[in-house]
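structure.cif (mmCIF, C-alpha atoms and all ligand atoms) appears below.
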```
data_run
#
loop_
_atom_site.group_PDB
_atom_site.id
_atom_site.type_symbol
_atom_site.label_atom_id
_atom_site.label_comp_id
_atom_site.auth_asym_id
_atom_site.auth_seq_id
_atom_site.Cartn_x
_atom_site.Cartn_y
_atom_site.Cartn_z
ATOM 1 C CA MET X 1259 0.000 0.000 0.000
ATOM 2 C CA GLN X 1260 1.221 3.450 -0.774
ATOM 3 C CA ILE X 1261 1.617 6.010 1.940
ATOM 4 C CA ARG X 1262 -1.136 8.192 0.382
ATOM 5 C CA GLN X 1263 -3.573 5.300 0.432
ATOM 6 C CA ILE X 1264 -2.796 4.559 4.082
ATOM 7 C CA LEU X 1265 -3.333 8.229 4.961
ATOM 8 C CA LEU X 1266 -6.614 8.309 3.079
ATOM 9 C CA TYR X 1267 -7.964 5.201 4.840
ATOM 10 C CA GLY X 1268 -6.780 6.639 8.149
ATOM 11 C CA ILE X 1269 -8.716 9.847 7.576
ATOM 12 C CA ILE X 1270 -11.857 7.963 6.555
ATOM 13 C CA VAL X 1271 -11.771 5.722 9.624
ATOM 14 C CA PHE X 1272 -11.060 8.685 11.919
ATOM 15 C CA SER X 1273 -13.967 10.745 10.517
ATOM 16 C CA PHE X 1274 -16.266 7.783 10.931
ATOM 17 C CA ILE X 1275 -15.341 7.423 14.594
ATOM 18 C CA LEU X 1276 -15.980 11.148 15.166
ATOM 19 C CA LEU X 1277 -19.357 10.911 13.472
ATOM 20 C CA ILE X 1278 -20.549 7.923 15.511
ATOM 21 C CA GLY X 1279 -19.142 9.476 18.693
ATOM 22 C CA GLY X 1280 -21.055 12.686 17.976
ATOM 23 C CA PHE X 1281 -24.354 10.875 17.522
ATOM 24 C CA TRP X 1282 -23.797 8.843 20.667
ATOM 25 C CA TYR X 1283 -22.924 11.965 22.673
ATOM 26 C CA ARG X 1284 -26.079 13.798 21.529
ATOM 27 C CA THR X 1285 -28.312 10.925 22.701
ATOM 28 C CA LEU X 1286 -27.210 11.535 26.299
ATOM 29 C CA PRO X 1287 -29.463 13.986 28.150
ATOM 30 C CA ASP X 1288 -27.874 17.380 28.828
ATOM 31 C CA LEU X 1289 -28.307 18.507 32.448
ATOM 32 C CA GLU X 1290 -27.325 22.104 31.753
ATOM 33 C CA ILE X 1291 -29.904 22.480 29.019
ATOM 34 C CA GLY X 1292 -32.400 20.708 31.297
ATOM 35 C CA LYS X 1293 -31.765 23.203 34.096
ATOM 36 C CA ARG X 1294 -32.152 26.155 31.747
ATOM 37 C CA LEU X 1295 -35.408 24.749 30.360
ATOM 38 C CA VAL X 1296 -36.834 24.052 33.826
ATOM 39 C CA ASP X 1297 -35.783 27.517 35.075
ATOM 40 C CA ASN X 1298 -37.467 29.096 32.069
ATOM 41 C CA SER X 1299 -40.546 26.903 31.640
ATOM 42 C CA CYS X 1300 -41.446 25.581 35.094
ATOM 43 C CA ALA X 1301 -40.018 27.931 37.732
ATOM 44 C CA VAL X 1302 -42.608 30.665 37.030
ATOM 45 C CA CYS X 1303 -45.170 28.396 38.700
ATOM 46 C CA HIS X 1304 -43.179 25.826 40.670
ATOM 47 C CA ASP X 1305 -40.771 26.052 43.597
ATOM 48 C CA LEU X 1306 -37.750 23.874 42.764
ATOM 49 C CA THR X 1307 -35.994 24.066 46.128
ATOM 50 C CA ALA X 1308 -35.956 21.886 49.251
ATOM 51 C CA GLU X 1309 -38.117 24.550 50.933
ATOM 52 C CA LYS X 1310 -41.110 22.820 49.313
ATOM 53 C CA LYS X 1311 -43.299 25.884 48.929
ATOM 54 C CA HIS X 1312 -46.528 25.762 47.008
ATOM 55 C CA GLU X 1313 -46.740 28.514 44.451
ATOM 56 C CA ARG X 1314 -49.050 28.632 41.479
ATOM 57 C CA GLY X 1315 -48.380 24.885 41.318
ATOM 58 C CA PRO X 1316 -47.123 22.282 43.842
ATOM 59 C CA TYR X 1317 -43.402 22.198 44.744
ATOM 60 C CA LEU X 1318 -41.304 19.964 42.496
ATOM 61 C CA TRP X 1319 -38.646 18.945 45.021
ATOM 62 C CA GLY X 1320 -38.381 15.121 44.901
ATOM 63 C CA ILE X 1321 -40.897 14.968 42.051
ATOM 64 C CA TYR X 1322 -39.274 11.959 40.401
ATOM 65 C CA ASN X 1323 -41.154 8.809 41.490
ATOM 66 C CA ARG X 1324 -43.380 10.863 43.812
ATOM 67 C CA PRO X 1325 -47.025 9.709 43.937
ATOM 68 C CA ALA X 1326 -49.144 12.159 41.937
ATOM 69 C CA GLY X 1327 -51.206 14.562 44.022
ATOM 70 C CA SER X 1328 -49.321 13.827 47.250
ATOM 71 C CA SER X 1329 -47.814 17.247 48.036
ATOM 72 C CA GLY X 1330 -50.772 18.701 49.951
ATOM 73 C CA PHE X 1331 -51.314 21.285 47.199
ATOM 74 C CA ASN X 1332 -54.853 22.445 46.459
ATOM 75 C CA TYR X 1333 -55.178 20.431 43.234
ATOM 76 C CA SER X 1334 -57.813 21.201 40.611
ATOM 77 C CA GLU X 1335 -60.957 19.124 40.272
ATOM 78 C CA ALA X 1336 -59.645 17.891 36.941
ATOM 79 C CA PHE X 1337 -56.464 16.624 38.618
ATOM 80 C CA LEU X 1338 -58.389 14.893 41.427
ATOM 81 C CA ALA X 1339 -60.725 13.302 38.889
ATOM 82 C CA LYS X 1340 -57.707 11.789 37.118
ATOM 83 C CA LEU X 1341 -56.481 10.361 40.441
ATOM 84 C CA GLU X 1342 -59.899 8.884 41.148
ATOM 85 C CA ARG X 1343 -59.624 6.905 37.937
ATOM 86 C CA GLY X 1344 -56.359 5.439 39.259
ATOM 87 C CA SER X 1345 -53.451 6.672 41.352
ATOM 88 C CA PHE X 1346 -50.030 6.828 39.696
ATOM 89 C CA ILE X 1347 -46.476 7.973 40.328
ATOM 90 C CA TRP X 1348 -44.400 10.515 38.422
ATOM 91 C CA ASP X 1349 -42.046 8.083 36.721
ATOM 92 C CA ASP X 1350 -40.362 8.657 33.351
ATOM 93 C CA GLU X 1351 -43.394 7.643 31.347
ATOM 94 C CA ASN X 1352 -45.965 9.800 33.165
ATOM 95 C CA LEU X 1353 -43.711 12.854 33.462
ATOM 96 C CA GLU X 1354 -42.896 12.556 29.780
ATOM 97 C CA LYS X 1355 -46.581 12.461 28.852
ATOM 98 C CA PHE X 1356 -47.483 15.351 31.159
ATOM 99 C CA ILE X 1357 -44.790 17.742 29.939
ATOM 100 C CA THR X 1358 -45.436 16.826 26.311
ATOM 101 C CA ASP X 1359 -49.048 17.954 26.543
ATOM 102 C CA PRO X 1360 -50.462 18.503 30.066
ATOM 103 C CA LYS X 1361 -54.043 18.903 28.866
ATOM 104 C CA LYS X 1362 -53.936 15.656 26.949
ATOM 105 C CA PHE X 1363 -52.683 13.696 29.977
ATOM 106 C CA ILE X 1364 -55.040 15.449 32.437
ATOM 107 C CA PRO X 1365 -57.931 17.139 30.625
ATOM 108 C CA ARG X 1366 -58.609 20.670 31.987
ATOM 109 C CA THR X 1367 -55.685 20.576 34.439
ATOM 110 C CA ALA X 1368 -54.892 23.914 36.091
ATOM 111 C CA MET X 1369 -51.347 23.581 34.721
ATOM 112 C CA GLY X 1370 -52.580 24.539 31.268
ATOM 113 C CA LYS X 1371 -54.757 27.413 32.408
ATOM 114 C CA HIS X 1372 -54.066 31.081 31.622
ATOM 115 C CA ASP X 1373 -54.780 33.772 34.190
ATOM 116 C CA ALA X 1374 -53.896 37.424 34.690
ATOM 117 C CA LYS X 1375 -50.913 36.617 36.931
ATOM 118 C CA HIS X 1376 -49.444 34.021 34.595
ATOM 119 C CA PRO X 1377 -50.573 34.829 31.067
ATOM 120 C CA THR X 1378 -48.105 32.260 29.728
ATOM 121 C CA ALA X 1379 -49.792 28.975 30.678
ATOM 122 C CA PHE X 1380 -47.703 25.870 30.081
ATOM 123 C CA THR X 1381 -48.636 24.167 26.832
ATOM 124 C CA GLY X 1382 -45.959 21.490 26.614
ATOM 125 C CA ILE X 1383 -42.418 20.927 25.339
ATOM 126 C CA VAL X 1384 -42.369 19.984 21.677
ATOM 127 C CA SER X 1385 -38.834 18.657 21.292
ATOM 128 C CA SER X 1386 -38.299 15.124 22.596
ATOM 129 C CA SER X 1387 -34.597 15.737 23.245
ATOM 130 C CA ASN X 1388 -35.524 18.830 25.317
ATOM 131 C CA ARG X 1389 -38.007 16.712 27.271
ATOM 132 C CA GLU X 1390 -35.252 14.207 27.997
ATOM 133 C CA ASP X 1391 -33.038 17.029 29.273
ATOM 134 C CA VAL X 1392 -35.874 18.330 31.486
ATOM 135 C CA LEU X 1393 -36.503 14.871 32.928
ATOM 136 C CA ALA X 1394 -32.813 14.353 33.657
ATOM 137 C CA TYR X 1395 -32.722 17.649 35.546
ATOM 138 C CA LEU X 1396 -35.946 16.962 37.478
ATOM 139 C CA LYS X 1397 -34.310 13.779 38.806
ATOM 140 C CA THR X 1398 -31.597 15.873 40.454
ATOM 141 C CA LEU X 1399 -34.152 17.784 42.576
ATOM 142 C CA ARG X 1400 -33.705 15.723 45.715
HETATM 143 C C1 LIG X 1501 -48.506 28.273 34.270
HETATM 144 C C2 LIG X 1501 -48.040 27.655 35.474
HETATM 145 C C3 LIG X 1501 -47.288 26.322 35.354
HETATM 146 C C4 LIG X 1501 -46.176 26.048 34.597
HETATM 147 C C5 LIG X 1501 -45.427 26.985 33.670
HETATM 148 C C6 LIG X 1501 -45.829 24.664 34.878
HETATM 149 N N1 LIG X 1501 -46.711 24.126 35.785
HETATM 150 FE FE1 LIG X 1501 -46.680 22.239 36.568
HETATM 151 N N2 LIG X 1501 -48.408 22.613 37.587
HETATM 152 C C7 LIG X 1501 -49.068 23.822 37.613
HETATM 153 C C8 LIG X 1501 -50.290 23.688 38.370
HETATM 154 C C9 LIG X 1501 -51.312 24.788 38.650
HETATM 155 C C10 LIG X 1501 -50.334 22.337 38.810
HETATM 156 C C11 LIG X 1501 -51.476 21.655 39.564
HETATM 157 C C12 LIG X 1501 -52.354 21.026 38.477
HETATM 158 C C13 LIG X 1501 -53.809 20.819 38.849
HETATM 159 O O1 LIG X 1501 -54.172 20.921 40.037
HETATM 160 O O2 LIG X 1501 -54.591 20.533 37.894
HETATM 161 C C14 LIG X 1501 -49.125 21.696 38.303
HETATM 162 C C15 LIG X 1501 -48.794 20.358 38.551
HETATM 163 C C16 LIG X 1501 -47.609 19.769 38.142
HETATM 164 C C17 LIG X 1501 -47.206 18.420 38.473
HETATM 165 C C18 LIG X 1501 -47.965 17.441 39.375
HETATM 166 C C19 LIG X 1501 -47.298 17.452 40.750
HETATM 167 C C20 LIG X 1501 -47.970 16.630 41.824
HETATM 168 O O3 LIG X 1501 -47.864 17.015 43.000
HETATM 169 O O4 LIG X 1501 -48.573 15.587 41.518
HETATM 170 C C21 LIG X 1501 -46.011 18.197 37.851
HETATM 171 C C22 LIG X 1501 -45.185 16.928 37.866
HETATM 172 C C23 LIG X 1501 -45.658 19.422 37.166
HETATM 173 N N3 LIG X 1501 -46.649 20.352 37.360
HETATM 174 C C24 LIG X 1501 -44.506 19.587 36.432
HETATM 175 C C25 LIG X 1501 -44.194 20.736 35.689
HETATM 176 C C26 LIG X 1501 -42.999 20.867 34.890
HETATM 177 C C27 LIG X 1501 -41.887 19.829 34.778
HETATM 178 C C28 LIG X 1501 -43.066 22.102 34.289
HETATM 179 C C29 LIG X 1501 -42.099 22.698 33.300
HETATM 180 C C30 LIG X 1501 -41.717 21.869 32.181
HETATM 181 C C31 LIG X 1501 -44.309 22.726 34.729
HETATM 182 N N4 LIG X 1501 -44.950 21.879 35.581
HETATM 183 C C32 LIG X 1501 -44.742 23.997 34.335
HETATM 184 C C33 LIG X 1501 -48.671 24.996 36.994
HETATM 185 C C34 LIG X 1501 -47.616 25.116 36.094
#
```
Could I get this structure in the form of structure tokens?
Amino acid sequence: MQIRQILLYGIIVFSFILLIGGFWYRTLPDLEIGKRLVDNSCAVCHDLTAEKKHERGPYLWGIYNRPAGSSGFNYSEAFLAKLERGSFIWDDENLEKFITDPKKFIPRTAMGKHDAKHPTAFTGIVSSSNREDVLAYLKTLR
């Protein structure tokens, strides 16, 4: 083999490794992006600290694997009706569904409601990779 051929193959193999590595890296959730998203999209209504204060919504400290509706918050009728049909915990699957489209998971939930104090009601996170980042960050709130 000539030296130029060896170099060429080397470059091809190296680029391939970079490409695969890049894809693999992007499939890991990004905690920093998750924190920024949660600060921007959830913190207007939810306390994220260990102080566990109810604000417009229930506190989210320890939310991962917490039984739904267990924080002592004054939940909406819509939320309580969902619980009556079956209690559940906030695991990956349920959190994912709720933050994708809260009103689809719990019809008429107060989380999707506009009011004068919070004109920007939460309507869901469209990007699945952003949702993964949000979930990864929520798990650190403990
Ligand atoms: C506009 C205000 C608002 C925003 C923004 C908002 N929420 Fe909520 N959230 C609420 C309200 C109000 C409730 C109570 C729902 C009810 O009673 O129907 C709630 C309930 C919840 C619950 C149920 C908790 C429990 O105790 O069972 C979870 C989980 C939750 N929100 C997560 C989030 C996440 C994650 C975000 C950001 C991606 C977010 N929320 C953004 C207002 C909001």
**Message:** For this structure, which residues satisfy the selection - the PyMOL selection byres (((not hetatm)) within 6 of (chain X and resi 1501)) - when it is evaluated on the file as given? I want them as a PyMOL selection string.
**Reply:** chain X and resi 1296+1299-1300+1302-1303+1314-1316+1326-1329+1333-1334+1336-1337+1357+1367-1369+1376+1379-1380
**Request:** Select, from X:Gly1279, X:Asn1298, X:Asn1332, X:Thr1285, the residue with the minimum atom-to-atom distance to X:Ile1383, counting all atoms listed in the file.
**Result:** X:Asn1298
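Going from atom CA of X:Ile1321 to atom CA of X:Arg1400 covers 8.1 Å.
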**Message:** I'd like the interatomic distance between atom CA of X:Glu1390 and atom CA of X:Pro1287, to a tenth of an Å.
**Reply:**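 Computed distance, atom CA of X:Glu1390 to atom CA of X:Pro1287, equals 5.8 Å.
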Please identify all polymer residues within 10 Å of stretch 1352-1356 of chain X, counting only C-alpha atoms, omitting same-chain residues fewer than 5 positions from it, and present them as a PDB file with C-alpha atoms, keeping the file's coordinate frame.
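Generated file (selection02.pdb):
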```pdb
ATOM      1  CA  ILE X1321     -40.897  14.968  42.051  1.00  0.00           C
ATOM      2  CA  TYR X1322     -39.274  11.959  40.401  1.00  0.00           C
ATOM      3  CA  ASN X1323     -41.154   8.809  41.490  1.00  0.00           C
ATOM      4  CA  ALA X1326     -49.144  12.159  41.937  1.00  0.00           C
ATOM      5  CA  PHE X1346     -50.030   6.828  39.696  1.00  0.00           C
ATOM      6  CA  ILE X1347     -46.476   7.973  40.328  1.00  0.00           C
ATOM      7  CA  LYS X1361     -54.043  18.903  28.866  1.00  0.00           C
ATOM      8  CA  LYS X1362     -53.936  15.656  26.949  1.00  0.00           C
ATOM      9  CA  PHE X1363     -52.683  13.696  29.977  1.00  0.00           C
ATOM     10  CA  ILE X1364     -55.040  15.449  32.437  1.00  0.00           C
ATOM     11  CA  MET X1369     -51.347  23.581  34.721  1.00  0.00           C
ATOM     12  CA  THR X1381     -48.636  24.167  26.832  1.00  0.00           C
ATOM     13  CA  GLY X1382     -45.959  21.490  26.614  1.00  0.00           C
ATOM     14  CA  ILE X1383     -42.418  20.927  25.339  1.00  0.00           C
ATOM     15  CA  SER X1386     -38.299  15.124  22.596  1.00  0.00           C
ATOM     16  CA  ARG X1389     -38.007  16.712  27.271  1.00  0.00           C
ATOM     17  CA  GLU X1390     -35.252  14.207  27.997  1.00  0.00           C
ATOM     18  CA  VAL X1392     -35.874  18.330  31.486  1.00  0.00           C
ATOM     19  CA  LEU X1393     -36.503  14.871  32.928  1.00  0.00           C
ATOM     20  CA  LEU X1396     -35.946  16.962  37.478  1.00  0.00           C
TER      21      LEU X1396
END
```
First collect every listed atom of stretch 1307-1314 of chain X; then fit an axis-aligned box around them, widen it by 8 Å on each side, and give centre and edge lengths in Å to one decimal, as AutoDock Vina command-line options.
```
--center_x -42.5 --center_y 25.3 --center_z 46.2 --size_x 29.1 --size_y 22.7 --size_z 25.5
```
**Message:** Rounded to one decimal, what separation in Å do you get between atom CA of X:Gly1292 and atom CA of X:Leu1306?
**Reply:**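 One can read the atom CA of X:Gly1292 to atom CA of X:Leu1306 distance as 13.0 Å.
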